[in-house]
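What follows is the content of work_20.pdb, which has PDB, C-alpha atoms, pLDDT in the B column:
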```
ATOM      1  CA  MET A  17     103.595 153.032 120.177  1.00 95.00           C
ATOM      2  CA  LEU A  18     104.982 155.640 117.841  1.00 94.00           C
ATOM      3  CA  VAL A  19     102.520 156.523 115.064  1.00 96.00           C
ATOM      4  CA  LEU A  20     103.879 158.186 111.918  1.00 94.00           C
ATOM      5  CA  SER A  21     102.189 159.387 108.748  1.00 94.00           C
ATOM      6  CA  ARG A  22     103.925 158.613 105.467  1.00 96.00           C
ATOM      7  CA  GLN A  23     102.953 158.908 101.837  1.00 96.00           C
ATOM      8  CA  ARG A  24     103.903 156.652  98.944  1.00 97.00           C
ATOM      9  CA  ASP A  25     107.693 156.461  98.404  1.00 97.00           C
ATOM     10  CA  GLU A  26     108.460 157.934 101.836  1.00 98.00           C
ATOM     11  CA  THR A  27     110.734 156.063 104.237  1.00 98.00           C
ATOM     12  CA  ILE A  28     111.053 155.550 107.974  1.00 97.00           C
ATOM     13  CA  MET A  29     114.453 154.698 109.480  1.00 97.00           C
ATOM     14  CA  ILE A  30     114.768 152.284 112.419  1.00 96.00           C
ATOM     15  CA  GLY A  31     118.214 152.691 113.887  1.00 96.00           C
ATOM     16  CA  ASP A  32     120.993 153.213 111.365  1.00 97.00           C
ATOM     17  CA  ASP A  33     120.392 150.257 109.085  1.00 96.00           C
ATOM     18  CA  ILE A  34     116.686 149.401 108.763  1.00 97.00           C
ATOM     19  CA  GLU A  35     114.539 151.262 106.237  1.00 98.00           C
ATOM     20  CA  VAL A  36     110.766 150.878 105.913  1.00 97.00           C
ATOM     21  CA  THR A  37     109.358 152.452 102.746  1.00 98.00           C
ATOM     22  CA  VAL A  38     105.705 152.875 101.754  1.00 98.00           C
ATOM     23  CA  VAL A  39     105.724 151.239  98.320  1.00 98.00           C
ATOM     24  CA  ASP A  40     102.042 151.363  97.441  1.00 97.00           C
ATOM     25  CA  ILE A  41      98.644 152.272  98.886  1.00 96.00           C
ATOM     26  CA  ARG A  42      95.518 150.631  97.462  1.00 96.00           C
ATOM     27  CA  GLY A  43      92.299 151.146  99.331  1.00 95.00           C
ATOM     28  CA  ASP A  44      92.793 149.837 102.866  1.00 95.00           C
ATOM     29  CA  LYS A  45      96.077 148.030 102.052  1.00 96.00           C
ATOM     30  CA  VAL A  46      99.544 149.466 102.391  1.00 96.00           C
ATOM     31  CA  ARG A  47     102.550 147.733 100.810  1.00 97.00           C
ATOM     32  CA  LEU A  48     105.806 148.228 102.672  1.00 97.00           C
ATOM     33  CA  GLY A  49     109.341 147.605 101.484  1.00 98.00           C
ATOM     34  CA  ILE A  50     111.855 146.739 104.191  1.00 98.00           C
ATOM     35  CA  ASN A  51     115.625 146.952 103.828  1.00 98.00           C
ATOM     36  CA  ALA A  52     117.421 145.311 106.737  1.00 98.00           C
ATOM     37  CA  PRO A  53     120.740 143.503 107.233  1.00 97.00           C
ATOM     38  CA  LYS A  54     120.672 139.760 106.458  1.00 96.00           C
ATOM     39  CA  GLU A  55     121.198 138.870 110.115  1.00 96.00           C
ATOM     40  CA  ILE A  56     117.917 140.558 111.092  1.00 95.00           C
ATOM     41  CA  ALA A  57     114.870 138.352 110.491  1.00 94.00           C
ATOM     42  CA  VAL A  58     111.855 140.169 109.054  1.00 96.00           C
ATOM     43  CA  HIS A  59     108.487 138.367 109.140  1.00 96.00           C
ATOM     44  CA  ARG A  60     104.817 139.244 109.080  1.00 96.00           C
ATOM     45  CA  LYS A  61     103.515 138.939 112.637  1.00 97.00           C
ATOM     46  CA  GLU A  62     101.381 135.852 111.920  1.00 97.00           C
ATOM     47  CA  VAL A  63     104.424 134.074 110.441  1.00 97.00           C
ATOM     48  CA  TYR A  64     106.564 135.117 113.417  1.00 96.00           C
ATOM     49  CA  GLU A  65     103.950 133.751 115.847  1.00 97.00           C
ATOM     50  CA  ALA A  66     103.808 130.425 113.941  1.00 97.00           C
ATOM     51  CA  ILE A  67     107.613 130.130 114.095  1.00 96.00           C
ATOM     52  CA  LYS A  68     107.572 130.768 117.848  1.00 96.00           C
ATOM     53  CA  LYS A  69     104.846 128.146 118.329  1.00 95.00           C
ATOM     54  CA  GLU A  70     106.817 125.529 116.361  1.00 93.00           C
ATOM     55  CA  ASN A  71     109.997 126.315 118.304  1.00 93.00           C
ATOM     56  CA  ARG A  72     108.163 125.892 121.613  1.00 92.00           C
ATOM     57  CA  ALA A  73     106.763 122.547 120.449  1.00 89.00           C
ATOM     58  CA  ALA A  74     110.219 121.373 119.342  1.00 86.00           C
ATOM     59  CA  ALA A  75     111.634 122.318 122.738  1.00 87.00           C
ATOM     60  CA  GLN A  76     109.108 119.985 124.395  1.00 86.00           C
ATOM     61  CA  VAL A  77     110.633 116.835 122.875  1.00 77.00           C
ATOM     62  CA  LYS A  78     111.017 114.198 125.584  1.00 79.00           C
ATOM     63  CA  PRO A  79     114.202 112.115 125.976  1.00 76.00           C
ATOM     64  CA  GLU A  80     112.289 108.929 125.142  1.00 76.00           C
ATOM     65  CA  ASP A  81     111.306 110.504 121.788  1.00 74.00           C
ATOM     66  CA  VAL A  82     114.966 110.484 120.695  1.00 73.00           C
ATOM     67  CA  ALA A  83     116.367 107.622 122.791  1.00 74.00           C
ATOM     68  CA  GLY A  84     117.036 105.305 119.836  1.00 71.00           C
ATOM     69  CA  LEU A  85     118.820 107.832 117.633  1.00 71.00           C
ATOM     70  CA  GLY A  86     122.308 107.038 118.958  1.00 67.00           C
ATOM     71  CA  ARG A  87     121.919 103.321 118.288  1.00 67.00           C
ATOM     72  CA  VAL A  88     121.450 103.470 114.524  1.00 59.00           C
ATOM     73  CA  ASN A  89     124.199 101.459 112.757  1.00 64.00           C
ATOM     74  CA  PRO A  90     124.896 101.639 109.026  1.00 61.00           C
ATOM     75  CA  LYS A  91     124.794  98.309 107.212  1.00 63.00           C
ATOM     76  CA  GLN A  92     128.110  96.618 106.565  1.00 58.00           C
ATOM     77  CA  ASN A  93     129.026  95.301 103.146  1.00 59.00           C
ATOM     78  CA  GLY A  94     130.551  91.864 102.606  1.00 59.00           C
ATOM     79  CA  ASN A  95     134.131  92.893 103.443  1.00 61.00           C
ATOM     80  CA  GLY A  96     133.303  94.313 106.870  1.00 57.00           C
ATOM     81  CA  GLN A  97     133.402  97.920 105.644  1.00 59.00           C
ATOM     82  CA  HIS A  98     130.556 100.344 106.277  1.00 59.00           C
ATOM     83  CA  GLY A  99     128.598 101.640 103.311  1.00 57.00           C
ATOM     84  CA  THR A 100     127.171 100.306 100.115  1.00 55.00           C
ATOM     85  CA  GLU A 101     130.092 100.689  97.695  1.00 53.00           C
ATOM     86  CA  PRO A 102     130.443  97.695  95.368  1.00 53.00           C
ATOM     87  CA  GLN A 103     133.268  95.278  96.034  1.00 54.00           C
ATOM     88  CA  SER A 104     136.112  95.173  93.541  1.00 53.00           C
ATOM     89  CA  GLU A 105     136.391  92.210  91.205  1.00 54.00           C
ATOM     90  CA  GLY A 106     137.895  89.072  92.698  1.00 53.00           C
ATOM     91  CA  LYS A 107     136.596  89.774  96.229  1.00 50.00           C
ATOM     92  CA  GLN A 108     133.323  87.921  96.162  1.00 48.00           C
TER      93      GLN A 108
END
```
Could the structure of this file be written out as structure tokens, please?
Amino acid sequence: MLVLSRQRDETIMIGDDIEVTVVDIRGDKVRLGINAPKEIAVHRKEVYEAIKKENRAAAQVKPEDVAGLGRVNPKQNGNGQHGTEPQSEGKQ
């Protein structure tokens, strides 16, 4: 692990396009500002771990959990068409 010392308003560069700036220091808390490209996800570690846990749980879905999804049919209206649009006058 690389350990760096920074003061308020000083920045650390990660690669060419990620900036981490010390925004504020209050007691034992440090506020960081992070500038990164949109395609790079930035999360607090506890949020990142929760996302990973949810993704693992979603990957454990069994085939029988989704077996009926392909058999869902939309209701037909009175003229044999799918959907719920009202029929035009005279076709009752």
Exercise for the section: List the residues selected by the PyMOL selection byres ((chain A and resi 27) around 8) in the file shown, writing them as a PyMOL selection string. Expected result: chain A and resi 22+25-26+28-29+35-38
Problem - Option closest in space to Asp32 of chain A, from A:Ala52, A:Lys68, A:Asp81, A:Leu18 [counting all atoms listed in the file] - result: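 Nearest candidate to Asp32 of chain A out of A:Ala52, A:Lys68, A:Asp81, A:Leu18: A:Ala52.
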Practice task
Have a look at atom CA of Leu48 of chain A and atom CA of Arg24 of chain A and let me know their distance in Å, one decimal.
Solution key: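 Calculated distance between atom CA of Leu48 of chain A and atom CA of Arg24 of chain A is 9.4 Å.
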Practice task
Have a look at atom CA of Ile56 of chain A and atom CA of Val77 of chain A and let me know their distance in Å, one decimal.
Solution key: 27.5 Å
Practice task
Record the distance separating atom CA of Met17 of chain A and atom CA of Ala66 of chain A, expressed in Å with one decimal.
Solution key: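 Computed distance, atom CA of Met17 of chain A to atom CA of Ala66 of chain A, equals 23.5 Å.
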